[in-house]
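my_file.pdb (PDB, C-alpha atoms, pLDDT in the B column) appears below.
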ATOM      1  CA  MET A  73     -51.488  -2.315  -4.181  1.00 81.00           C
ATOM      2  CA  GLU A  74     -54.692  -0.276  -4.027  1.00 84.00           C
ATOM      3  CA  GLN A  75     -53.337   2.185  -6.593  1.00 86.00           C
ATOM      4  CA  PHE A  76     -52.308  -0.697  -8.840  1.00 92.00           C
ATOM      5  CA  LEU A  77     -55.805  -2.193  -8.780  1.00 92.00           C
ATOM      6  CA  THR A  78     -57.435   1.190  -9.260  1.00 91.00           C
ATOM      7  CA  ILE A  79     -55.414   2.052 -12.342  1.00 92.00           C
ATOM      8  CA  SER A  80     -55.577  -1.488 -13.765  1.00 93.00           C
ATOM      9  CA  THR A  81     -59.360  -1.528 -13.581  1.00 93.00           C
ATOM     10  CA  SER A  82     -59.889   2.030 -14.794  1.00 93.00           C
ATOM     11  CA  PHE A  83     -60.171   3.279 -18.364  1.00 94.00           C
ATOM     12  CA  PRO A  84     -58.116   2.952 -20.502  1.00 95.00           C
ATOM     13  CA  VAL A  85     -55.887   0.376 -18.780  1.00 96.00           C
ATOM     14  CA  ILE A  86     -58.838  -1.923 -18.172  1.00 96.00           C
ATOM     15  CA  VAL A  87     -59.057  -2.502 -21.935  1.00 97.00           C
ATOM     16  CA  TYR A  88     -55.601  -4.050 -21.913  1.00 97.00           C
ATOM     17  CA  THR A  89     -56.190  -5.698 -18.535  1.00 97.00           C
ATOM     18  CA  PHE A  90     -59.086  -7.598 -20.116  1.00 97.00           C
ATOM     19  CA  LEU A  91     -56.889  -8.673 -23.025  1.00 97.00           C
ATOM     20  CA  VAL A  92     -54.093  -9.731 -20.665  1.00 97.00           C
ATOM     21  CA  ALA A  93     -56.602 -11.871 -18.755  1.00 97.00           C
ATOM     22  CA  ILE A  94     -57.533 -13.646 -22.001  1.00 96.00           C
ATOM     23  CA  ILE A  95     -53.846 -14.182 -22.808  1.00 95.00           C
ATOM     24  CA  VAL A  96     -53.186 -15.632 -19.347  1.00 95.00           C
ATOM     25  CA  ILE A  97     -56.132 -18.032 -19.697  1.00 95.00           C
ATOM     26  CA  TYR A  98     -54.876 -19.084 -23.121  1.00 91.00           C
ATOM     27  CA  TRP A  99     -51.382 -19.879 -21.853  1.00 90.00           C
ATOM     28  CA  LEU A 100     -52.779 -21.797 -18.891  1.00 91.00           C
ATOM     29  CA  LEU A 101     -54.796 -23.908 -21.329  1.00 88.00           C
ATOM     30  CA  ALA A 102     -51.707 -24.323 -23.520  1.00 82.00           C
ATOM     31  CA  MET A 103     -49.710 -25.564 -20.524  1.00 84.00           C
ATOM     32  CA  ILE A 104     -52.190 -28.369 -19.867  1.00 82.00           C
ATOM     33  CA  GLY A 105     -52.413 -29.229 -23.555  1.00 72.00           C
ATOM     34  CA  THR A 106     -55.961 -28.034 -24.197  1.00 75.00           C
ATOM     35  CA  VAL A 107     -54.928 -25.623 -26.960  1.00 70.00           C
ATOM     36  CA  ASP A 108     -52.002 -25.578 -29.382  1.00 64.00           C
ATOM     37  CA  ILE A 109     -49.379 -22.832 -29.213  1.00 65.00           C
ATOM     38  CA  ASP A 110     -49.489 -22.659 -33.032  1.00 58.00           C
ATOM     39  CA  MET A 111     -53.274 -22.475 -33.265  1.00 59.00           C
ATOM     40  CA  LEU A 112     -53.264 -19.003 -34.847  1.00 59.00           C
ATOM     41  CA  ASP A 113     -50.252 -19.458 -37.099  1.00 54.00           C
ATOM     42  CA  VAL A 114     -50.607 -18.731 -40.791  1.00 50.00           C
ATOM     43  CA  ASP A 115     -48.136 -18.712 -43.661  1.00 46.00           C
ATOM     44  CA  PHE A 116     -47.224 -15.218 -44.802  1.00 47.00           C
ATOM     45  CA  ASP A 117     -46.427 -15.411 -48.498  1.00 43.00           C
ATOM     46  CA  LEU A 118     -43.927 -12.678 -49.112  1.00 42.00           C
ATOM     47  CA  ASP A 119     -44.621 -12.647 -52.820  1.00 39.00           C
ATOM     48  CA  ALA A 120     -43.393  -9.118 -53.346  1.00 37.00           C
ATOM     49  CA  ASP A 121     -40.293  -6.999 -53.696  1.00 39.00           C
ATOM     50  CA  VAL A 122     -38.619  -6.839 -50.316  1.00 38.00           C
ATOM     51  CA  ASP A 123     -35.306  -5.224 -49.578  1.00 39.00           C
ATOM     52  CA  MET A 124     -34.196  -5.637 -45.979  1.00 39.00           C
ATOM     53  CA  ASP A 125     -30.956  -4.365 -44.511  1.00 38.00           C
ATOM     54  CA  VAL A 126     -30.353  -5.490 -40.943  1.00 36.00           C
ATOM     55  CA  ASN A 127     -28.674  -2.943 -38.738  1.00 36.00           C
ATOM     56  CA  ALA A 128     -25.790  -5.101 -37.572  1.00 35.00           C
ATOM     57  CA  GLY A 129     -24.430  -2.305 -35.433  1.00 37.00           C
ATOM     58  CA  ASN A 130     -27.202  -2.368 -32.867  1.00 37.00           C
ATOM     59  CA  GLY A 131     -29.118  -5.463 -33.886  1.00 39.00           C
ATOM     60  CA  LEU A 132     -32.376  -3.803 -32.936  1.00 35.00           C
ATOM     61  CA  GLY A 133     -34.137  -3.273 -36.184  1.00 38.00           C
ATOM     62  CA  ALA A 134     -34.341  -3.439 -39.923  1.00 39.00           C
ATOM     63  CA  ASP A 135     -35.199  -1.144 -42.766  1.00 40.00           C
ATOM     64  CA  VAL A 136     -37.686  -2.717 -45.119  1.00 41.00           C
ATOM     65  CA  ASP A 137     -38.641  -1.468 -48.514  1.00 44.00           C
ATOM     66  CA  ALA A 138     -42.185  -2.868 -48.415  1.00 43.00           C
ATOM     67  CA  GLU A 139     -43.267  -1.536 -51.790  1.00 44.00           C
ATOM     68  CA  GLY A 140     -45.596  -4.159 -53.214  1.00 42.00           C
ATOM     69  CA  LEU A 141     -45.972  -5.806 -49.835  1.00 45.00           C
ATOM     70  CA  SER A 142     -49.440  -5.298 -48.461  1.00 51.00           C
ATOM     71  CA  GLY A 143     -51.743  -6.036 -45.563  1.00 65.00           C
ATOM     72  CA  VAL A 144     -50.720  -8.125 -42.582  1.00 69.00           C
ATOM     73  CA  THR A 145     -47.651  -9.480 -44.376  1.00 65.00           C
ATOM     74  CA  GLY A 146     -46.123  -6.058 -44.988  1.00 69.00           C
ATOM     75  CA  PHE A 147     -46.944  -4.891 -41.481  1.00 78.00           C
ATOM     76  CA  MET A 148     -45.416  -7.916 -39.734  1.00 78.00           C
ATOM     77  CA  VAL A 149     -42.300  -7.962 -41.888  1.00 75.00           C
ATOM     78  CA  LYS A 150     -41.707  -4.226 -41.446  1.00 78.00           C
ATOM     79  CA  TRP A 151     -41.848  -4.412 -37.657  1.00 85.00           C
ATOM     80  CA  GLY A 152     -40.065  -7.751 -37.223  1.00 82.00           C
ATOM     81  CA  LEU A 153     -43.123  -9.626 -35.984  1.00 85.00           C
ATOM     82  CA  THR A 154     -42.321 -12.850 -37.819  1.00 78.00           C
ATOM     83  CA  GLY A 155     -40.264 -15.892 -36.886  1.00 77.00           C
ATOM     84  CA  VAL A 156     -42.256 -16.867 -33.781  1.00 81.00           C
ATOM     85  CA  PRO A 157     -45.799 -18.230 -33.325  1.00 82.00           C
ATOM     86  CA  VAL A 158     -48.528 -15.629 -33.795  1.00 85.00           C
ATOM     87  CA  THR A 159     -49.758 -16.384 -30.281  1.00 88.00           C
ATOM     88  CA  VAL A 160     -46.393 -15.288 -28.887  1.00 90.00           C
ATOM     89  CA  VAL A 161     -46.481 -12.072 -30.932  1.00 92.00           C
ATOM     90  CA  ILE A 162     -49.995 -11.265 -29.697  1.00 93.00           C
ATOM     91  CA  SER A 163     -49.088 -12.075 -26.088  1.00 95.00           C
ATOM     92  CA  VAL A 164     -46.014  -9.830 -26.069  1.00 96.00           C
ATOM     93  CA  LEU A 165     -47.902  -7.107 -27.934  1.00 96.00           C
ATOM     94  CA  VAL A 166     -50.756  -7.075 -25.411  1.00 97.00           C
ATOM     95  CA  ALA A 167     -48.423  -7.230 -22.403  1.00 97.00           C
ATOM     96  CA  SER A 168     -46.325  -4.365 -23.786  1.00 97.00           C
ATOM     97  CA  ALA A 169     -49.394  -2.242 -24.476  1.00 97.00           C
ATOM     98  CA  TRP A 170     -50.717  -2.899 -20.968  1.00 97.00           C
ATOM     99  CA  LEU A 171     -47.428  -1.907 -19.311  1.00 97.00           C
ATOM    100  CA  ILE A 172     -47.038   1.250 -21.403  1.00 97.00           C
ATOM    101  CA  CYS A 173     -50.635   2.276 -20.748  1.00 97.00           C
ATOM    102  CA  TYR A 174     -50.349   1.553 -17.025  1.00 97.00           C
ATOM    103  CA  LEU A 175     -47.171   3.595 -16.647  1.00 97.00           C
ATOM    104  CA  GLY A 176     -48.611   6.417 -18.723  1.00 96.00           C
ATOM    105  CA  MET A 177     -51.800   6.637 -16.692  1.00 95.00           C
ATOM    106  CA  SER A 178     -49.874   6.377 -13.420  1.00 95.00           C
ATOM    107  CA  LEU A 179     -47.984   9.477 -14.490  1.00 94.00           C
ATOM    108  CA  ALA A 180     -51.188  11.178 -15.626  1.00 94.00           C
ATOM    109  CA  TYR A 181     -52.932  10.564 -12.294  1.00 91.00           C
ATOM    110  CA  ALA A 182     -49.920  11.978 -10.461  1.00 91.00           C
ATOM    111  CA  LEU A 183     -49.680  15.147 -12.554  1.00 92.00           C
ATOM    112  CA  ILE A 184     -53.240  15.932 -13.695  1.00 89.00           C
ATOM    113  CA  SER A 185     -56.132  16.847 -11.435  1.00 86.00           C
ATOM    114  CA  TRP A 186     -58.727  18.084 -13.956  1.00 89.00           C
ATOM    115  CA  LYS A 187     -61.101  15.307 -15.013  1.00 88.00           C
ATOM    116  CA  ILE A 188     -61.458  16.556 -18.563  1.00 93.00           C
ATOM    117  CA  LEU A 189     -57.685  16.499 -19.025  1.00 92.00           C
ATOM    118  CA  LEU A 190     -57.516  13.035 -17.479  1.00 91.00           C
ATOM    119  CA  PHE A 191     -60.148  11.851 -19.964  1.00 92.00           C
ATOM    120  CA  ILE A 192     -58.178  13.287 -22.879  1.00 95.00           C
ATOM    121  CA  SER A 193     -55.004  11.749 -21.493  1.00 95.00           C
ATOM    122  CA  ALA A 194     -56.741   8.378 -21.199  1.00 95.00           C
ATOM    123  CA  GLY A 195     -57.709   8.464 -24.871  1.00 95.00           C
ATOM    124  CA  PHE A 196     -54.167   9.379 -25.814  1.00 96.00           C
ATOM    125  CA  TRP A 197     -52.584   6.542 -23.820  1.00 96.00           C
ATOM    126  CA  LEU A 198     -55.085   4.006 -25.134  1.00 97.00           C
ATOM    127  CA  ILE A 199     -53.937   4.686 -28.709  1.00 97.00           C
ATOM    128  CA  PHE A 200     -50.293   5.526 -28.036  1.00 97.00           C
ATOM    129  CA  SER A 201     -49.782   2.329 -26.020  1.00 97.00           C
ATOM    130  CA  ALA A 202     -50.982   0.180 -28.905  1.00 96.00           C
ATOM    131  CA  VAL A 203     -48.776   2.037 -31.389  1.00 97.00           C
ATOM    132  CA  LEU A 204     -45.630   1.983 -29.251  1.00 97.00           C
ATOM    133  CA  ALA A 205     -46.160  -1.681 -28.348  1.00 96.00           C
ATOM    134  CA  VAL A 206     -45.523  -2.705 -31.965  1.00 95.00           C
ATOM    135  CA  PRO A 207     -41.795  -1.777 -32.203  1.00 95.00           C
ATOM    136  CA  VAL A 208     -41.313  -2.836 -28.581  1.00 96.00           C
ATOM    137  CA  THR A 209     -42.690  -6.268 -29.442  1.00 95.00           C
ATOM    138  CA  GLY A 210     -40.468  -6.539 -32.504  1.00 92.00           C
ATOM    139  CA  TRP A 211     -37.427  -5.745 -30.389  1.00 93.00           C
ATOM    140  CA  PHE A 212     -38.448  -8.113 -27.600  1.00 92.00           C
ATOM    141  CA  ILE A 213     -39.152 -11.193 -29.731  1.00 90.00           C
ATOM    142  CA  LYS A 214     -36.023 -10.894 -31.889  1.00 87.00           C
ATOM    143  CA  PRO A 215     -33.791 -13.004 -29.579  1.00 86.00           C
ATOM    144  CA  MET A 216     -36.650 -15.492 -29.116  1.00 83.00           C
ATOM    145  CA  LYS A 217     -36.859 -16.479 -32.789  1.00 77.00           C
ATOM    146  CA  LYS A 218     -34.168 -19.131 -32.626  1.00 72.00           C
ATOM    147  CA  PHE A 219     -36.217 -21.030 -30.043  1.00 71.00           C
ATOM    148  CA  PHE A 220     -39.287 -21.294 -32.254  1.00 65.00           C
ATOM    149  CA  VAL A 221     -38.539 -23.512 -35.227  1.00 55.00           C
ATOM    150  CA  SER A 222     -40.757 -26.023 -36.941  1.00 50.00           C
ATOM    151  CA  TYR A 223     -38.047 -28.660 -37.245  1.00 47.00           C
ATOM    152  CA  THR A 224     -34.961 -29.682 -35.317  1.00 47.00           C
ATOM    153  CA  ALA A 225     -31.566 -28.676 -36.658  1.00 50.00           C
ATOM    154  CA  ALA A 226     -30.951 -32.247 -37.819  1.00 48.00           C
ATOM    155  CA  GLU A 227     -34.233 -32.333 -39.725  1.00 65.00           C
ATOM    156  CA  LYS A 228     -33.567 -28.931 -41.232  1.00 69.00           C
ATOM    157  CA  SER A 229     -30.177 -30.100 -42.464  1.00 73.00           C
ATOM    158  CA  SER A 230     -31.950 -32.832 -44.406  1.00 80.00           C
ATOM    159  CA  PHE A 231     -33.223 -30.179 -46.837  1.00 84.00           C
ATOM    160  CA  VAL A 232     -29.687 -29.510 -48.083  1.00 88.00           C
ATOM    161  CA  GLY A 233     -29.497 -30.376 -51.773  1.00 89.00           C
ATOM    162  CA  LYS A 234     -33.156 -29.661 -52.474  1.00 90.00           C
ATOM    163  CA  THR A 235     -34.342 -26.942 -54.830  1.00 92.00           C
ATOM    164  CA  CYS A 236     -36.818 -24.203 -53.992  1.00 91.00           C
ATOM    165  CA  GLN A 237     -38.218 -21.063 -55.616  1.00 91.00           C
ATOM    166  CA  VAL A 238     -37.431 -17.559 -54.384  1.00 91.00           C
ATOM    167  CA  LYS A 239     -40.474 -15.625 -53.169  1.00 87.00           C
ATOM    168  CA  THR A 240     -38.905 -12.318 -52.195  1.00 86.00           C
ATOM    169  CA  GLY A 241     -37.721  -9.552 -54.505  1.00 85.00           C
ATOM    170  CA  LYS A 242     -34.126 -10.687 -54.083  1.00 87.00           C
ATOM    171  CA  VAL A 243     -31.916 -12.673 -51.747  1.00 90.00           C
ATOM    172  CA  THR A 244     -29.075 -11.109 -49.769  1.00 90.00           C
ATOM    173  CA  LEU A 245     -26.867 -12.135 -46.862  1.00 89.00           C
ATOM    174  CA  ASN A 246     -29.436 -10.537 -44.545  1.00 86.00           C
ATOM    175  CA  PHE A 247     -32.800 -11.444 -45.971  1.00 83.00           C
ATOM    176  CA  GLY A 248     -34.668 -13.661 -48.405  1.00 87.00           C
ATOM    177  CA  GLN A 249     -37.298 -16.367 -48.495  1.00 88.00           C
ATOM    178  CA  ALA A 250     -37.923 -19.296 -50.800  1.00 89.00           C
ATOM    179  CA  GLU A 251     -40.633 -21.951 -51.036  1.00 87.00           C
ATOM    180  CA  LEU A 252     -39.967 -25.666 -51.165  1.00 86.00           C
ATOM    181  CA  GLU A 253     -42.656 -27.713 -52.875  1.00 83.00           C
ATOM    182  CA  ASP A 254     -43.554 -30.654 -50.653  1.00 72.00           C
ATOM    183  CA  GLY A 255     -46.643 -31.878 -52.428  1.00 68.00           C
ATOM    184  CA  GLY A 256     -48.869 -29.832 -50.164  1.00 66.00           C
ATOM    185  CA  ALA A 257     -49.083 -26.149 -49.327  1.00 62.00           C
ATOM    186  CA  GLY A 258     -45.310 -25.838 -49.589  1.00 72.00           C
ATOM    187  CA  MET A 259     -42.761 -24.786 -46.969  1.00 80.00           C
ATOM    188  CA  LEU A 260     -41.367 -21.259 -46.735  1.00 81.00           C
ATOM    189  CA  PHE A 261     -37.718 -21.003 -45.671  1.00 83.00           C
ATOM    190  CA  ASP A 262     -35.415 -18.119 -44.796  1.00 87.00           C
ATOM    191  CA  VAL A 263     -32.599 -18.195 -47.344  1.00 91.00           C
ATOM    192  CA  ARG A 264     -29.337 -16.278 -47.702  1.00 92.00           C
ATOM    193  CA  ALA A 265     -26.883 -15.654 -50.539  1.00 92.00           C
ATOM    194  CA  ASP A 266     -24.334 -13.079 -51.625  1.00 91.00           C
ATOM    195  CA  GLU A 267     -26.173 -10.298 -53.442  1.00 88.00           C
ATOM    196  CA  ALA A 268     -23.567 -10.517 -56.196  1.00 88.00           C
ATOM    197  CA  TYR A 269     -25.243 -13.727 -57.386  1.00 88.00           C
ATOM    198  CA  GLY A 270     -28.246 -11.640 -58.414  1.00 90.00           C
ATOM    199  CA  ILE A 271     -30.813 -14.099 -57.079  1.00 92.00           C
ATOM    200  CA  LYS A 272     -34.271 -12.618 -57.495  1.00 90.00           C
ATOM    201  CA  LYS A 273     -37.951 -13.455 -57.212  1.00 89.00           C
ATOM    202  CA  GLY A 274     -38.953 -16.494 -59.258  1.00 90.00           C
ATOM    203  CA  ASP A 275     -35.434 -17.948 -59.503  1.00 92.00           C
ATOM    204  CA  TRP A 276     -34.887 -21.586 -58.620  1.00 93.00           C
ATOM    205  CA  VAL A 277     -32.112 -22.146 -56.110  1.00 94.00           C
ATOM    206  CA  ILE A 278     -30.481 -25.120 -54.476  1.00 92.00           C
ATOM    207  CA  ILE A 279     -29.945 -25.333 -50.731  1.00 92.00           C
ATOM    208  CA  VAL A 280     -26.246 -25.879 -50.000  1.00 92.00           C
ATOM    209  CA  GLU A 281     -25.980 -25.332 -46.256  1.00 90.00           C
ATOM    210  CA  TYR A 282     -28.068 -24.829 -43.105  1.00 88.00           C
ATOM    211  CA  ASP A 283     -27.073 -22.094 -40.655  1.00 86.00           C
ATOM    212  CA  GLU A 284     -28.241 -23.378 -37.263  1.00 79.00           C
ATOM    213  CA  GLU A 285     -27.458 -20.101 -35.471  1.00 77.00           C
ATOM    214  CA  ASP A 286     -29.425 -17.939 -37.913  1.00 75.00           C
ATOM    215  CA  GLY A 287     -32.040 -20.576 -38.732  1.00 78.00           C
ATOM    216  CA  SER A 288     -31.595 -19.909 -42.458  1.00 87.00           C
ATOM    217  CA  TYR A 289     -30.309 -21.716 -45.534  1.00 91.00           C
ATOM    218  CA  LEU A 290     -27.406 -20.754 -47.775  1.00 93.00           C
ATOM    219  CA  VAL A 291     -28.502 -21.122 -51.390  1.00 94.00           C
ATOM    220  CA  ARG A 292     -27.048 -20.935 -54.884  1.00 92.00           C
ATOM    221  CA  LYS A 293     -28.707 -20.508 -58.261  1.00 90.00           C
ATOM    222  CA  THR A 294     -29.477 -23.716 -60.111  1.00 86.00           C
ATOM    223  CA  GLU A 295     -27.845 -24.140 -63.477  1.00 70.00           C
TER     224      GLU A 295
END
Could you take the file, read its structure, and then write that structure out as structure tokens?
Amino acid sequence: MEQFLTISTSFPVIVYTFLVAIIVIYWLLAMIGTVDIDMLDVDFDLDADVDMDVNAGNGLGADVDAEGLSGVTGFMVKWGLTGVPVTVVISVLVASAWLICYLGMSLAYALISWKILLFISAGFWLIFSAVLAVPVTGWFIKPMKKFFVSYTAAEKSSFVGKTCQVKTGKVTLNFGQAELEDGGAGMLFDVRADEAYGIKKGDWVIIVEYDEEDGSYLVRKTE
């Protein structure tokens, strides 16, 4: 226990310990209804050419051709950090970084006795933990996505028959998004279609079916 407290409150782990403390306070406030779980959510407009092929063999990742996709949008799509509230992404990201950093420094303290080398190691783990936490978070939240939807399955099915405009470079059986005009900011949906239909960015499509398991809509080109 003493070693745990020592490492947790020492540089660089203390940086992530501080962030974890903030996350814990946030979730405690969320539990009593003081803050909203979706308070940090924003709409990521994937208005660019995106070509995603999901690795069905291991289900752990996806290759994204993010050419034309920039900033936060490109980053989150590339690493699979979409589909759940931003607060959940941040929480898992911080927790993963803390655990990686803690384990790394525990190993460093056990193997390194020179202070200068420990200092260098601390700098390395501070950065490496943040970097490695990104793919770890993407992997961890993937099975959670089906639990975080904005509408119930019944409500989602009510969109069948409506038309929307494709916002991604193309639509395949693995990836695609389209926007439904609702008189406001619009709603962005995950859509799917056989690539043979040649559905591309800017096309208008009609929703023909809702896939409850995948949380996406099957679409066809409008005439």
Exercise for review: Spell out the residues picked by the PyMOL selection byres ((chain A and resi 278) around 9) here, as a PyMOL selection string.
Suggested key: chain A and resi 232-237+276-277+279-280+290-294
Quiz prompt | Residues in the PyMOL selection byres ((chain A and resi 211) around 10), expressed as an MDAnalysis selection string | solution = chainID A and resid 131:133 151:153 205:210 212:216
Serialized selection, C-alpha atoms, as a compact mmCIF listing (two decimals), keeping the file's coordinate frame:
# COMPACT_ATOMS: atom_id res chain seq x y z
CA GLY A 131 -29.12 -5.46 -33.89
CA LEU A 132 -32.38 -3.80 -32.94
CA GLY A 133 -34.14 -3.27 -36.18
CA TRP A 151 -41.85 -4.41 -37.66
CA GLY A 152 -40.06 -7.75 -37.22
CA LEU A 153 -43.12 -9.63 -35.98
CA ALA A 205 -46.16 -1.68 -28.35
CA VAL A 206 -45.52 -2.70 -31.96
CA PRO A 207 -41.80 -1.78 -32.20
CA VAL A 208 -41.31 -2.84 -28.58
CA THR A 209 -42.69 -6.27 -29.44
CA GLY A 210 -40.47 -6.54 -32.50
CA PHE A 212 -38.45 -8.11 -27.60
CA ILE A 213 -39.15 -11.19 -29.73
CA LYS A 214 -36.02 -10.89 -31.89
CA PRO A 215 -33.79 -13.00 -29.58
CA MET A 216 -36.65 -15.49 -29.12
How close does region 165-240 of chain A get to region 269-272 of chain A? List, as a Markdown table, each residue of region 165-240 of chain A within 10 Å, its nearest atom pair and the distance in Å to one decimal, counting only C-alpha atoms.
| residue | atom | partner | partner_atom | distance |
| --- | --- | --- | --- | --- |
| A:Gln237 | CA | A:Lys272 | CA | 9.5 |
| A:Val238 | CA | A:Lys272 | CA | 6.6 |
| A:Lys239 | CA | A:Lys272 | CA | 8.1 |
| A:Thr240 | CA | A:Lys272 | CA | 7.0 |
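You will find CA of Ser163 (chain A) at 29.6 Å from CA of Arg264 (chain A).
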Item to complete: Write out as a ChimeraX atom specification the residues lying within 8 Å of region 76-80 of chain A, counting only C-alpha atoms and excluding same-chain residues fewer than 4 positions away.
Response: /A:85-86,89,174,177-178
Q. With distances taken over all atoms listed in the file, which of A:Pro157, A:Ala202, A:Glu295, A:Val149 is nearest to Gln249 (chain A)?
A.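 Counting all atoms listed in the file, the residue closest to Gln249 (chain A) is A:Val149.
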Counting all atoms listed in the file, closest pick from A:Phe247, A:Tyr98, A:Phe90, A:Phe219 relative to Glu284 (chain A) is A:Phe219
Which residue out of A:Ile172, A:Ala102, A:Val263, A:Ala194 has the minimum interatomic distance to Gly287 (chain A) when all atoms listed in the file are used?
->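 The closest residue to Gly287 (chain A) is A:Val263.
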Could you tell me how far CA of Gly195 (chain A) lies from CA of Ala93 (chain A), in Å and to one decimal?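 Calculated distance between CA of Gly195 (chain A) and CA of Ala93 (chain A) is 21.3 Å.
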**Report entry** Å distance separating CA of Ala180 (chain A) from CA of Val96 (chain A), one decimal place
**Finding:**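 Pair CA of Ala180 (chain A) / CA of Val96 (chain A) returns 27.1 Å.
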Residue IDs satisfying the PyMOL selection byres ((chain A and resi 166) around 9), as a CSV table (one decimal) with C-alpha atoms, in the frame of the given file:
chain,number,residue,atom,x,y,z
A,88,TYR,CA,-55.6,-4.0,-21.9
A,89,THR,CA,-56.2,-5.7,-18.5
A,91,LEU,CA,-56.9,-8.7,-23.0
A,92,VAL,CA,-54.1,-9.7,-20.7
A,95,ILE,CA,-53.8,-14.2,-22.8
A,161,VAL,CA,-46.5,-12.1,-30.9
A,162,ILE,CA,-50.0,-11.3,-29.7
A,163,SER,CA,-49.1,-12.1,-26.1
A,164,VAL,CA,-46.0,-9.8,-26.1
A,165,LEU,CA,-47.9,-7.1,-27.9
A,167,ALA,CA,-48.4,-7.2,-22.4
A,168,SER,CA,-46.3,-4.4,-23.8
A,169,ALA,CA,-49.4,-2.2,-24.5
A,170,TRP,CA,-50.7,-2.9,-21.0
A,171,LEU,CA,-47.4,-1.9,-19.3
A,202,ALA,CA,-51.0,0.2,-28.9
A,205,ALA,CA,-46.2,-1.7,-28.3
query = Using all atoms listed in the file, which of the listed residues (A:Gly258, A:Lys217, A:Pro84, A:Met103) sits closest to Val160 (chain A)?
reply =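 Among the listed residues, the smallest separation from Val160 (chain A) belongs to A:Lys217.
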Draw an axis-aligned box over all listed atoms of region 177-182 of chain A, pad each side with 6 Å, and write its centre and edge lengths in Å, one decimal, as JSON.
{"center_x": -50.5, "center_y": 9.2, "center_z": -13.6, "size_x": 16.9, "size_y": 17.6, "size_z": 18.2}
